[in-house]
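S.K.: Contents of structure.txt (compact mmCIF, N, CA and C atoms) are given next:
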```
# COMPACT_ATOMS: atom_id res chain seq x y z
N MET A 102 -32.11 -177.99 -56.19
CA MET A 102 -31.45 -179.21 -55.79
C MET A 102 -30.09 -178.84 -55.20
N GLU A 103 -29.71 -179.51 -54.15
CA GLU A 103 -28.39 -179.32 -53.53
C GLU A 103 -27.63 -180.63 -53.53
N HIS A 104 -26.32 -180.53 -53.62
CA HIS A 104 -25.44 -181.68 -53.50
C HIS A 104 -24.62 -181.48 -52.24
N THR A 105 -24.43 -182.53 -51.48
CA THR A 105 -23.64 -182.46 -50.26
C THR A 105 -22.38 -183.29 -50.43
N PHE A 106 -21.27 -182.72 -50.05
CA PHE A 106 -19.99 -183.42 -50.07
C PHE A 106 -19.50 -183.50 -48.64
N LEU A 107 -19.05 -184.67 -48.22
CA LEU A 107 -18.59 -184.88 -46.85
C LEU A 107 -17.12 -185.21 -46.83
N LEU A 108 -16.44 -184.75 -45.81
CA LEU A 108 -15.02 -185.02 -45.61
C LEU A 108 -14.81 -185.40 -44.17
N LYS A 109 -14.00 -186.43 -43.94
CA LYS A 109 -13.59 -186.82 -42.58
C LYS A 109 -12.10 -186.60 -42.48
N ALA A 110 -11.67 -186.04 -41.35
CA ALA A 110 -10.25 -185.75 -41.17
C ALA A 110 -9.79 -186.19 -39.79
N THR A 111 -8.54 -186.64 -39.73
CA THR A 111 -7.88 -186.91 -38.45
C THR A 111 -6.54 -186.19 -38.46
N TRP A 112 -6.08 -185.79 -37.28
CA TRP A 112 -4.80 -185.09 -37.14
C TRP A 112 -4.05 -185.72 -35.98
N ASN A 113 -2.75 -185.93 -36.15
CA ASN A 113 -1.95 -186.72 -35.21
C ASN A 113 -1.05 -185.90 -34.29
N GLY A 114 -1.41 -184.70 -33.94
CA GLY A 114 -0.54 -183.96 -33.03
C GLY A 114 -0.63 -182.47 -33.23
N GLY A 115 0.53 -181.80 -33.14
CA GLY A 115 0.60 -180.34 -33.25
C GLY A 115 0.82 -179.89 -34.68
N ARG A 116 1.31 -178.66 -34.81
CA ARG A 116 1.48 -178.02 -36.12
C ARG A 116 2.29 -178.85 -37.09
N ASN A 117 3.37 -179.43 -36.65
CA ASN A 117 4.27 -180.15 -37.55
C ASN A 117 4.01 -181.65 -37.59
N SER A 118 2.80 -182.01 -37.33
CA SER A 118 2.41 -183.41 -37.44
C SER A 118 1.79 -183.65 -38.82
N ASP A 119 1.03 -184.72 -38.92
CA ASP A 119 0.34 -185.00 -40.16
C ASP A 119 -1.03 -185.56 -39.85
N GLY A 120 -1.80 -185.76 -40.89
CA GLY A 120 -3.14 -186.27 -40.71
C GLY A 120 -3.59 -187.02 -41.95
N ARG A 121 -4.87 -187.26 -42.00
CA ARG A 121 -5.44 -188.00 -43.11
C ARG A 121 -6.83 -187.45 -43.38
N ILE A 122 -7.18 -187.37 -44.69
CA ILE A 122 -8.53 -186.97 -45.05
C ILE A 122 -9.14 -188.02 -45.97
N GLU A 123 -10.46 -188.10 -45.90
CA GLU A 123 -11.22 -188.96 -46.80
C GLU A 123 -12.47 -188.20 -47.20
N ALA A 124 -12.67 -188.09 -48.51
CA ALA A 124 -13.86 -187.44 -49.06
C ALA A 124 -14.17 -188.11 -50.39
N GLY A 125 -15.22 -188.90 -50.43
CA GLY A 125 -15.54 -189.62 -51.67
C GLY A 125 -14.37 -190.50 -52.08
N ASN A 126 -13.87 -190.29 -53.30
CA ASN A 126 -12.75 -191.09 -53.79
C ASN A 126 -11.39 -190.54 -53.37
N LEU A 127 -11.37 -189.42 -52.69
CA LEU A 127 -10.11 -188.82 -52.23
C LEU A 127 -9.74 -189.36 -50.86
N ARG A 128 -8.59 -190.00 -50.79
CA ARG A 128 -8.07 -190.53 -49.53
C ARG A 128 -6.57 -190.27 -49.53
N THR A 129 -6.12 -189.40 -48.64
CA THR A 129 -4.71 -189.05 -48.66
C THR A 129 -4.22 -188.52 -47.32
N GLN A 130 -2.92 -188.54 -47.16
CA GLN A 130 -2.29 -187.92 -46.00
C GLN A 130 -2.20 -186.43 -46.24
N ILE A 131 -2.16 -185.67 -45.15
CA ILE A 131 -2.04 -184.21 -45.24
C ILE A 131 -1.04 -183.71 -44.22
N SER A 132 -0.41 -182.59 -44.54
CA SER A 132 0.45 -181.88 -43.59
C SER A 132 0.77 -180.52 -44.17
N ILE A 133 1.49 -179.75 -43.40
CA ILE A 133 1.98 -178.47 -43.89
C ILE A 133 3.13 -178.77 -44.85
N PRO A 134 3.20 -178.07 -46.00
CA PRO A 134 4.28 -178.34 -46.95
C PRO A 134 5.64 -177.99 -46.37
N ALA A 135 6.65 -178.70 -46.84
CA ALA A 135 8.02 -178.47 -46.39
C ALA A 135 8.45 -177.03 -46.65
N GLU A 136 7.99 -176.44 -47.77
CA GLU A 136 8.34 -175.06 -48.11
C GLU A 136 7.85 -174.06 -47.08
N MET A 137 6.86 -174.47 -46.28
CA MET A 137 6.30 -173.59 -45.26
C MET A 137 6.67 -174.05 -43.86
N GLY A 138 7.73 -174.85 -43.78
CA GLY A 138 8.23 -175.28 -42.48
C GLY A 138 7.55 -176.49 -41.88
N GLY A 139 6.79 -177.21 -42.67
CA GLY A 139 6.10 -178.40 -42.19
C GLY A 139 6.81 -179.66 -42.64
N PRO A 140 6.24 -180.82 -42.31
CA PRO A 140 6.88 -182.08 -42.67
C PRO A 140 6.77 -182.47 -44.14
N GLY A 141 5.86 -181.87 -44.88
CA GLY A 141 5.75 -182.17 -46.32
C GLY A 141 5.27 -183.58 -46.61
N VAL A 142 4.39 -184.10 -45.76
CA VAL A 142 3.85 -185.45 -45.95
C VAL A 142 2.50 -185.35 -46.66
N GLY A 143 2.33 -186.12 -47.71
CA GLY A 143 1.05 -186.12 -48.43
C GLY A 143 0.81 -184.80 -49.11
N THR A 144 -0.44 -184.38 -49.16
CA THR A 144 -0.79 -183.12 -49.79
C THR A 144 -1.07 -182.08 -48.72
N ASN A 145 -1.49 -180.91 -49.16
CA ASN A 145 -1.72 -179.81 -48.21
C ASN A 145 -2.82 -178.92 -48.76
N PRO A 146 -3.33 -178.01 -47.95
CA PRO A 146 -4.43 -177.15 -48.40
C PRO A 146 -4.10 -176.34 -49.65
N ASP A 147 -2.86 -175.90 -49.78
CA ASP A 147 -2.48 -175.08 -50.94
C ASP A 147 -2.59 -175.89 -52.23
N GLU A 148 -2.08 -177.12 -52.21
CA GLU A 148 -2.18 -177.99 -53.39
C GLU A 148 -3.63 -178.38 -53.65
N MET A 149 -4.39 -178.58 -52.58
CA MET A 149 -5.78 -178.99 -52.76
C MET A 149 -6.62 -177.86 -53.35
N LEU A 150 -6.38 -176.61 -52.93
CA LEU A 150 -7.11 -175.49 -53.52
C LEU A 150 -6.74 -175.34 -54.99
N LEU A 151 -5.45 -175.45 -55.30
CA LEU A 151 -5.01 -175.39 -56.69
C LEU A 151 -5.61 -176.55 -57.49
N GLY A 152 -5.63 -177.74 -56.91
CA GLY A 152 -6.22 -178.90 -57.58
C GLY A 152 -7.71 -178.72 -57.83
N ALA A 153 -8.43 -178.19 -56.85
CA ALA A 153 -9.87 -177.96 -57.02
C ALA A 153 -10.12 -176.94 -58.12
N ALA A 154 -9.38 -175.83 -58.09
CA ALA A 154 -9.57 -174.80 -59.11
C ALA A 154 -9.20 -175.31 -60.49
N SER A 155 -8.11 -176.07 -60.58
CA SER A 155 -7.62 -176.56 -61.87
C SER A 155 -8.54 -177.60 -62.47
N THR A 156 -8.96 -178.57 -61.68
CA THR A 156 -9.83 -179.61 -62.22
C THR A 156 -11.19 -179.05 -62.59
N CYS A 157 -11.69 -178.11 -61.80
CA CYS A 157 -12.98 -177.48 -62.13
C CYS A 157 -12.86 -176.72 -63.45
N TYR A 158 -11.80 -175.95 -63.60
CA TYR A 158 -11.59 -175.19 -64.84
C TYR A 158 -11.48 -176.15 -66.03
N LEU A 159 -10.67 -177.19 -65.90
CA LEU A 159 -10.43 -178.12 -67.00
C LEU A 159 -11.72 -178.84 -67.42
N ILE A 160 -12.48 -179.32 -66.47
CA ILE A 160 -13.73 -180.02 -66.77
C ILE A 160 -14.74 -179.05 -67.39
N THR A 161 -14.81 -177.84 -66.85
CA THR A 161 -15.72 -176.83 -67.39
C THR A 161 -15.35 -176.50 -68.83
N LEU A 162 -14.06 -176.29 -69.09
CA LEU A 162 -13.61 -175.97 -70.44
C LEU A 162 -13.92 -177.12 -71.40
N ALA A 163 -13.65 -178.34 -71.00
CA ALA A 163 -13.92 -179.50 -71.87
C ALA A 163 -15.42 -179.58 -72.20
N ALA A 164 -16.27 -179.37 -71.21
CA ALA A 164 -17.71 -179.44 -71.43
C ALA A 164 -18.18 -178.33 -72.36
N MET A 165 -17.64 -177.14 -72.18
CA MET A 165 -18.03 -176.01 -73.03
C MET A 165 -17.60 -176.25 -74.48
N MET A 166 -16.40 -176.80 -74.66
CA MET A 166 -15.92 -177.07 -76.02
C MET A 166 -16.76 -178.16 -76.68
N GLU A 167 -17.12 -179.17 -75.91
CA GLU A 167 -17.96 -180.23 -76.45
C GLU A 167 -19.32 -179.68 -76.88
N ARG A 168 -19.93 -178.88 -76.00
CA ARG A 168 -21.24 -178.29 -76.33
C ARG A 168 -21.17 -177.37 -77.54
N SER A 169 -20.01 -176.77 -77.76
CA SER A 169 -19.84 -175.86 -78.90
C SER A 169 -19.49 -176.59 -80.19
N GLY A 170 -19.34 -177.91 -80.11
CA GLY A 170 -19.05 -178.71 -81.30
C GLY A 170 -17.62 -178.61 -81.80
N LEU A 171 -16.72 -178.17 -80.95
CA LEU A 171 -15.31 -178.09 -81.36
C LEU A 171 -14.68 -179.47 -81.34
N SER A 172 -13.87 -179.76 -82.32
CA SER A 172 -13.18 -181.04 -82.40
C SER A 172 -11.81 -180.89 -81.73
N VAL A 173 -11.75 -181.26 -80.45
CA VAL A 173 -10.53 -181.10 -79.66
C VAL A 173 -9.69 -182.36 -79.78
N GLN A 174 -8.48 -182.19 -80.24
CA GLN A 174 -7.55 -183.32 -80.35
C GLN A 174 -6.80 -183.52 -79.04
N SER A 175 -6.48 -182.42 -78.37
CA SER A 175 -5.72 -182.51 -77.12
C SER A 175 -6.07 -181.32 -76.24
N LEU A 176 -6.24 -181.58 -74.94
CA LEU A 176 -6.51 -180.53 -73.97
C LEU A 176 -5.68 -180.82 -72.74
N THR A 177 -4.70 -179.96 -72.45
CA THR A 177 -3.86 -180.13 -71.28
C THR A 177 -3.86 -178.82 -70.49
N LEU A 178 -3.45 -178.92 -69.24
CA LEU A 178 -3.48 -177.74 -68.38
C LEU A 178 -2.31 -177.76 -67.41
N ASP A 179 -1.63 -176.64 -67.31
CA ASP A 179 -0.67 -176.38 -66.23
C ASP A 179 -1.27 -175.24 -65.44
N SER A 180 -1.25 -175.35 -64.13
CA SER A 180 -1.76 -174.27 -63.29
C SER A 180 -0.72 -173.94 -62.23
N GLU A 181 -0.73 -172.70 -61.81
CA GLU A 181 0.23 -172.21 -60.83
C GLU A 181 -0.53 -171.47 -59.73
N GLY A 182 -0.25 -171.82 -58.49
CA GLY A 182 -0.82 -171.11 -57.34
C GLY A 182 0.28 -170.31 -56.67
N ILE A 183 0.01 -169.07 -56.36
CA ILE A 183 1.01 -168.20 -55.75
C ILE A 183 0.51 -167.77 -54.38
N VAL A 184 1.33 -168.11 -53.36
CA VAL A 184 1.02 -167.79 -51.97
C VAL A 184 2.02 -166.77 -51.48
N ASP A 185 1.53 -165.68 -50.92
CA ASP A 185 2.38 -164.63 -50.36
C ASP A 185 2.56 -164.88 -48.86
N VAL A 186 3.78 -164.71 -48.39
CA VAL A 186 4.05 -164.81 -46.96
C VAL A 186 4.65 -163.48 -46.52
N THR A 187 3.86 -162.72 -45.78
CA THR A 187 4.31 -161.43 -45.24
C THR A 187 4.03 -161.42 -43.75
N ASN A 188 5.07 -161.14 -42.97
CA ASN A 188 4.94 -161.12 -41.50
C ASN A 188 4.32 -162.40 -40.96
N ASN A 189 4.75 -163.53 -41.54
CA ASN A 189 4.27 -164.85 -41.12
C ASN A 189 2.78 -165.07 -41.37
N ILE A 190 2.18 -164.27 -42.24
CA ILE A 190 0.78 -164.45 -42.63
C ILE A 190 0.77 -164.98 -44.06
N PHE A 191 0.16 -166.15 -44.24
CA PHE A 191 0.10 -166.82 -45.53
C PHE A 191 -1.20 -166.43 -46.24
N THR A 192 -1.08 -165.88 -47.46
CA THR A 192 -2.25 -165.46 -48.22
C THR A 192 -2.16 -166.01 -49.63
N TYR A 193 -3.18 -166.77 -50.02
CA TYR A 193 -3.26 -167.28 -51.39
C TYR A 193 -3.60 -166.10 -52.28
N ARG A 194 -2.66 -165.68 -53.12
CA ARG A 194 -2.83 -164.48 -53.93
C ARG A 194 -3.42 -164.73 -55.30
N ARG A 195 -2.84 -165.72 -56.04
CA ARG A 195 -3.19 -165.87 -57.44
C ARG A 195 -3.22 -167.33 -57.87
N ILE A 196 -4.08 -167.60 -58.84
CA ILE A 196 -4.08 -168.87 -59.55
C ILE A 196 -4.06 -168.53 -61.03
N ILE A 197 -3.08 -169.09 -61.74
CA ILE A 197 -2.95 -168.87 -63.18
C ILE A 197 -3.15 -170.22 -63.88
N HIS A 198 -4.14 -170.29 -64.75
CA HIS A 198 -4.37 -171.49 -65.54
C HIS A 198 -3.75 -171.28 -66.92
N ARG A 199 -3.03 -172.29 -67.38
CA ARG A 199 -2.40 -172.24 -68.70
C ARG A 199 -2.85 -173.45 -69.53
N PRO A 200 -4.07 -173.36 -70.08
CA PRO A 200 -4.55 -174.46 -70.91
C PRO A 200 -3.87 -174.45 -72.28
N ARG A 201 -3.67 -175.62 -72.81
CA ARG A 201 -3.17 -175.77 -74.19
C ARG A 201 -4.19 -176.64 -74.91
N VAL A 202 -4.82 -176.04 -75.90
CA VAL A 202 -5.87 -176.71 -76.65
C VAL A 202 -5.38 -176.90 -78.08
N ILE A 203 -5.42 -178.13 -78.53
CA ILE A 203 -5.10 -178.42 -79.93
C ILE A 203 -6.37 -178.93 -80.59
N LEU A 204 -6.85 -178.14 -81.55
CA LEU A 204 -8.04 -178.52 -82.29
C LEU A 204 -7.64 -179.38 -83.49
N ALA A 205 -8.60 -180.03 -84.07
CA ALA A 205 -8.36 -180.86 -85.25
C ALA A 205 -7.73 -180.02 -86.36
N HIS A 206 -6.99 -180.68 -87.22
CA HIS A 206 -6.32 -180.03 -88.35
C HIS A 206 -7.31 -179.24 -89.21
N GLU A 207 -8.53 -179.73 -89.30
CA GLU A 207 -9.55 -179.10 -90.15
C GLU A 207 -10.22 -177.91 -89.49
N ALA A 208 -9.86 -177.58 -88.26
CA ALA A 208 -10.53 -176.49 -87.54
C ALA A 208 -10.41 -175.18 -88.32
N SER A 209 -11.50 -174.44 -88.34
CA SER A 209 -11.52 -173.15 -89.05
C SER A 209 -10.99 -172.03 -88.15
N GLU A 210 -10.81 -170.87 -88.75
CA GLU A 210 -10.41 -169.69 -87.96
C GLU A 210 -11.48 -169.36 -86.93
N ASP A 211 -12.75 -169.53 -87.31
CA ASP A 211 -13.85 -169.30 -86.37
C ASP A 211 -13.77 -170.27 -85.20
N ASP A 212 -13.42 -171.53 -85.46
CA ASP A 212 -13.26 -172.51 -84.39
C ASP A 212 -12.15 -172.08 -83.43
N LEU A 213 -11.04 -171.59 -83.97
CA LEU A 213 -9.93 -171.13 -83.13
C LEU A 213 -10.37 -169.95 -82.26
N LYS A 214 -11.10 -169.02 -82.84
CA LYS A 214 -11.60 -167.86 -82.08
C LYS A 214 -12.58 -168.30 -81.00
N LYS A 215 -13.43 -169.26 -81.34
CA LYS A 215 -14.40 -169.77 -80.37
C LYS A 215 -13.67 -170.45 -79.21
N ALA A 216 -12.62 -171.20 -79.50
CA ALA A 216 -11.85 -171.88 -78.45
C ALA A 216 -11.19 -170.86 -77.52
N VAL A 217 -10.69 -169.76 -78.08
CA VAL A 217 -10.10 -168.70 -77.25
C VAL A 217 -11.15 -168.12 -76.30
N LEU A 218 -12.32 -167.81 -76.84
CA LEU A 218 -13.40 -167.27 -76.01
C LEU A 218 -13.79 -168.24 -74.90
N LEU A 219 -13.88 -169.51 -75.23
CA LEU A 219 -14.26 -170.51 -74.22
C LEU A 219 -13.18 -170.68 -73.16
N ALA A 220 -11.91 -170.63 -73.57
CA ALA A 220 -10.81 -170.75 -72.60
C ALA A 220 -10.88 -169.61 -71.59
N GLU A 221 -11.29 -168.44 -72.04
CA GLU A 221 -11.43 -167.31 -71.13
C GLU A 221 -12.72 -167.39 -70.31
N LYS A 222 -13.81 -167.82 -70.93
CA LYS A 222 -15.10 -167.89 -70.25
C LYS A 222 -15.17 -169.01 -69.21
N ALA A 223 -14.43 -170.09 -69.43
CA ALA A 223 -14.50 -171.23 -68.50
C ALA A 223 -14.11 -170.82 -67.08
N GLU A 224 -13.22 -169.85 -66.96
CA GLU A 224 -12.79 -169.40 -65.63
C GLU A 224 -13.97 -168.87 -64.82
N SER A 225 -14.78 -168.02 -65.44
CA SER A 225 -15.91 -167.43 -64.71
C SER A 225 -17.09 -168.38 -64.60
N SER A 226 -17.08 -169.47 -65.35
CA SER A 226 -18.18 -170.43 -65.33
C SER A 226 -17.96 -171.54 -64.32
N CYS A 227 -16.73 -171.70 -63.87
CA CYS A 227 -16.38 -172.79 -62.95
C CYS A 227 -16.85 -172.48 -61.53
N MET A 228 -17.46 -173.44 -60.87
CA MET A 228 -17.99 -173.27 -59.52
C MET A 228 -16.90 -172.89 -58.52
N ILE A 229 -15.73 -173.51 -58.60
CA ILE A 229 -14.65 -173.21 -57.65
C ILE A 229 -14.13 -171.80 -57.89
N SER A 230 -13.98 -171.41 -59.14
CA SER A 230 -13.54 -170.04 -59.45
C SER A 230 -14.51 -169.02 -58.86
N ARG A 231 -15.79 -169.28 -59.01
CA ARG A 231 -16.79 -168.37 -58.44
C ARG A 231 -16.71 -168.34 -56.92
N ALA A 232 -16.36 -169.46 -56.31
CA ALA A 232 -16.28 -169.53 -54.85
C ALA A 232 -15.12 -168.71 -54.29
N VAL A 233 -14.01 -168.64 -55.02
CA VAL A 233 -12.84 -167.92 -54.51
C VAL A 233 -12.73 -166.50 -55.09
N ALA A 234 -13.58 -166.16 -56.04
CA ALA A 234 -13.52 -164.84 -56.68
C ALA A 234 -13.62 -163.74 -55.63
N GLY A 235 -12.79 -162.72 -55.81
CA GLY A 235 -12.76 -161.63 -54.84
C GLY A 235 -11.73 -161.83 -53.75
N ASN A 236 -11.28 -163.07 -53.58
CA ASN A 236 -10.26 -163.38 -52.58
C ASN A 236 -8.94 -163.80 -53.21
N VAL A 237 -9.03 -164.48 -54.35
CA VAL A 237 -7.85 -164.96 -55.06
C VAL A 237 -7.96 -164.46 -56.49
N GLU A 238 -6.89 -163.85 -56.99
CA GLU A 238 -6.88 -163.38 -58.37
C GLU A 238 -6.79 -164.59 -59.30
N LEU A 239 -7.65 -164.64 -60.29
CA LEU A 239 -7.69 -165.75 -61.23
C LEU A 239 -7.38 -165.23 -62.63
N SER A 240 -6.50 -165.94 -63.34
CA SER A 240 -6.20 -165.54 -64.70
C SER A 240 -5.93 -166.77 -65.56
N THR A 241 -6.03 -166.54 -66.87
CA THR A 241 -5.83 -167.61 -67.84
C THR A 241 -4.85 -167.14 -68.91
N GLU A 242 -3.86 -167.97 -69.18
CA GLU A 242 -2.90 -167.73 -70.26
C GLU A 242 -2.98 -168.93 -71.19
N HIS A 243 -3.81 -168.83 -72.20
CA HIS A 243 -4.12 -169.98 -73.05
C HIS A 243 -3.25 -170.04 -74.31
N VAL A 244 -3.08 -171.25 -74.80
CA VAL A 244 -2.48 -171.49 -76.11
C VAL A 244 -3.50 -172.33 -76.87
N ILE A 245 -3.97 -171.79 -77.99
CA ILE A 245 -4.95 -172.49 -78.82
C ILE A 245 -4.29 -172.69 -80.19
N GLU A 246 -4.22 -173.96 -80.62
CA GLU A 246 -3.56 -174.27 -81.88
C GLU A 246 -4.37 -175.25 -82.69
N ARG A 247 -4.03 -175.34 -83.95
CA ARG A 247 -4.61 -176.32 -84.85
C ARG A 247 -3.59 -177.44 -85.02
N ALA A 248 -4.02 -178.68 -85.03
CA ALA A 248 -3.11 -179.81 -85.23
C ALA A 248 -2.42 -179.70 -86.57
N ILE A 249 -1.19 -180.14 -86.61
CA ILE A 249 -0.41 -180.09 -87.84
C ILE A 249 -0.73 -181.26 -88.74
```
Translate the structure described by the file into structure tokens.

M.R.:
Amino acid sequence: MEHTFLLKATWNGGRNSDGRIEAGNLRTQISIPAEMGGPGVGTNPDEMLLGAASTCYLITLAAMMERSGLSVQSLTLDSEGIVDVTNNIFTYRRIIHRPRVILAHEASEDDLKKAVLLAEKAESSCMISRAVAGNVELSTEHVIERAI
């Protein structure tokens, strides 16, 4: 079985212009980010790649924890995308996911160990991570805790 995702885009001029994309529930303006000499209107490919990788990782991790029967009280994620600019060539180098998982107060030591393993495994299980593997370095810096 295959799933097809469609995106429509419009662009209003040259490099420093802006545009609009629509894909399913995503509808937003786009441009080159201000940090890269663009107008900084709406979102941009760098944020969208980070968003795709982050949401895929987060959803994958949540599903894996649910299937493992872990009682998750809180699951949050900070992610960082690092883009290198050398000789005016922009290269997406790294994505670092920093999940923070708080398990129920009653969680056992085995539950904590299982959550650590899943936080690491979710990266290689995520479809977006697999799509960029070999081109973008992916890493996870997790914090797994028991509720107080």

S.K.: Work out how far apart CA of Met102 in chain A and atom N of Asn236 in chain A are and give it in Å to one decimal.

M.R.: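 Those two atoms sit 25.9 Å apart.
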
S.K.: What's the 8 Å shell around range 126-133 of chain A, counting only C-alpha atoms, without same-chain residues fewer than 6 positions away, as a ChimeraX atom specification?

M.R.: /A:116-120,139-146

S.K.: Using DSSP on the backbone coordinates, identify all residues within chain A classified as helix (DSSP H, G or I); present the result as a PyMOL selection string.

M.R.: chain A and resi 135-137+146-168+210-226+228-233

S.K.: Write out as a PyMOL selection string all residues of range 138-241 of chain A that backbone DSSP assigns to strand (DSSP E or B).

M.R.: chain A and resi 144+173-187+190-204+238-241

S.K.: For a test of reading the model, state the distance in Å between atom N of Val202 in chain A and CA of Glu238 in chain A, rounded to one decimal.

M.R.: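 One can read the atom N of Val202 in chain A to CA of Glu238 in chain A distance as 21.7 Å.
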
S.K.: Between atom C of Ile183 in chain A and atom N of Ser240 in chain A, what is the distance, to one decimal in Å?

M.R.: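 It comes out at 11.5 Å.
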
S.K.: Using all atoms listed in the file, which of A:Met166, A:Glu123, A:Val237, A:Phe106 sits nearest Thr192 in chain A?

M.R.: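 Answer, going by the shortest atom-to-atom distance: A:Val237.
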
S.K.: In terms of the shortest atom-to-atom distance over all atoms listed in the file, which of A:Val233, A:Ala153, A:Ile197, A:Leu108 is closest to Asp179 in chain A?

M.R.: A:Ile197

S.K.: Report as AutoDock Vina command-line options the centre and the edge lengths, in Å to one decimal, of the axis-aligned box holding every listed atom of range 224-241 of chain A, padded by 5 Å on each side.

M.R.:
```
--center_x -11.5 --center_y -167.6 --center_z -60.7 --size_x 23.3 --size_y 21.9 --size_z 26.3
```

S.K.: Which is closest to Ala220 in chain A among A:Ile190, A:Thr111, A:His104, A:Pro200, if we use only C-alpha atoms?

M.R.: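 Answer, going by the shortest atom-to-atom distance: A:Pro200.
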
S.K.: Could you pull the residues within 7 Å of Leu178 in chain A, counting only C-alpha atoms, minus those fewer than 4 positions along the same chain, as a ChimeraX atom specification?

M.R.: /A:198-201

S.K.: Might you pull out every residue within 8 Å of Glu207 in chain A, with all atoms listed in the file counted and same-chain residues fewer than 4 positions away left off, and present them as an MDAnalysis selection string?

M.R.: chainID A and resid 247:249

S.K.: List every protein, DNA or RNA residue that has an atom no more than 7 Å from (-10.7, -180.5, -84.4) in the file's coordinate frame, counting all atoms listed in the file, and report them as number ranges by chain.

M.R.: A: 171-174, 203-208, 248

S.K.: Write out the residues from the selection above, keeping N, CA and C atoms, as an mmCIF file, keeping the file's coordinate frame.

M.R.:
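Generated file (out19.cif):
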```
data_model
loop_
_atom_site.group_PDB
_atom_site.id
_atom_site.type_symbol
_atom_site.label_atom_id
_atom_site.label_comp_id
_atom_site.auth_asym_id
_atom_site.auth_seq_id
_atom_site.Cartn_x
_atom_site.Cartn_y
_atom_site.Cartn_z
ATOM 1 N N LEU A 171 -16.720 -178.170 -80.950
ATOM 2 C CA LEU A 171 -15.310 -178.090 -81.360
ATOM 3 C C LEU A 171 -14.680 -179.470 -81.340
ATOM 4 N N SER A 172 -13.870 -179.760 -82.320
ATOM 5 C CA SER A 172 -13.180 -181.040 -82.400
ATOM 6 C C SER A 172 -11.810 -180.890 -81.730
ATOM 7 N N VAL A 173 -11.750 -181.260 -80.450
ATOM 8 C CA VAL A 173 -10.530 -181.100 -79.660
ATOM 9 C C VAL A 173 -9.690 -182.360 -79.780
ATOM 10 N N GLN A 174 -8.480 -182.190 -80.240
ATOM 11 C CA GLN A 174 -7.550 -183.320 -80.350
ATOM 12 C C GLN A 174 -6.800 -183.520 -79.040
ATOM 13 N N ILE A 203 -5.420 -178.130 -78.530
ATOM 14 C CA ILE A 203 -5.100 -178.420 -79.930
ATOM 15 C C ILE A 203 -6.370 -178.930 -80.590
ATOM 16 N N LEU A 204 -6.850 -178.140 -81.550
ATOM 17 C CA LEU A 204 -8.040 -178.520 -82.290
ATOM 18 C C LEU A 204 -7.640 -179.380 -83.490
ATOM 19 N N ALA A 205 -8.600 -180.030 -84.070
ATOM 20 C CA ALA A 205 -8.360 -180.860 -85.250
ATOM 21 C C ALA A 205 -7.730 -180.020 -86.360
ATOM 22 N N HIS A 206 -6.990 -180.680 -87.220
ATOM 23 C CA HIS A 206 -6.320 -180.030 -88.350
ATOM 24 C C HIS A 206 -7.310 -179.240 -89.210
ATOM 25 N N GLU A 207 -8.530 -179.730 -89.300
ATOM 26 C CA GLU A 207 -9.550 -179.100 -90.150
ATOM 27 C C GLU A 207 -10.220 -177.910 -89.490
ATOM 28 N N ALA A 208 -9.860 -177.580 -88.260
ATOM 29 C CA ALA A 208 -10.530 -176.490 -87.540
ATOM 30 C C ALA A 208 -10.410 -175.180 -88.320
ATOM 31 N N ALA A 248 -4.020 -178.680 -85.030
ATOM 32 C CA ALA A 248 -3.110 -179.810 -85.230
ATOM 33 C C ALA A 248 -2.420 -179.700 -86.570
#
```

S.K.: Nearest to Glu148 in chain A among A:Leu219, A:Leu162, A:Leu107, A:Ile196, with distances taken over only C-alpha atoms: which residue is it?

M.R.: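 The answer is A:Ile196, which sits nearest to Glu148 in chain A.
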
S.K.: For Val244 in chain A, which residue out of A:Ala216, A:Ala232, A:Ala124, A:Cys157 is the nearest one, using only N, CA and C atoms?

M.R.: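 Among the listed residues, the smallest separation from Val244 in chain A belongs to A:Ala216.
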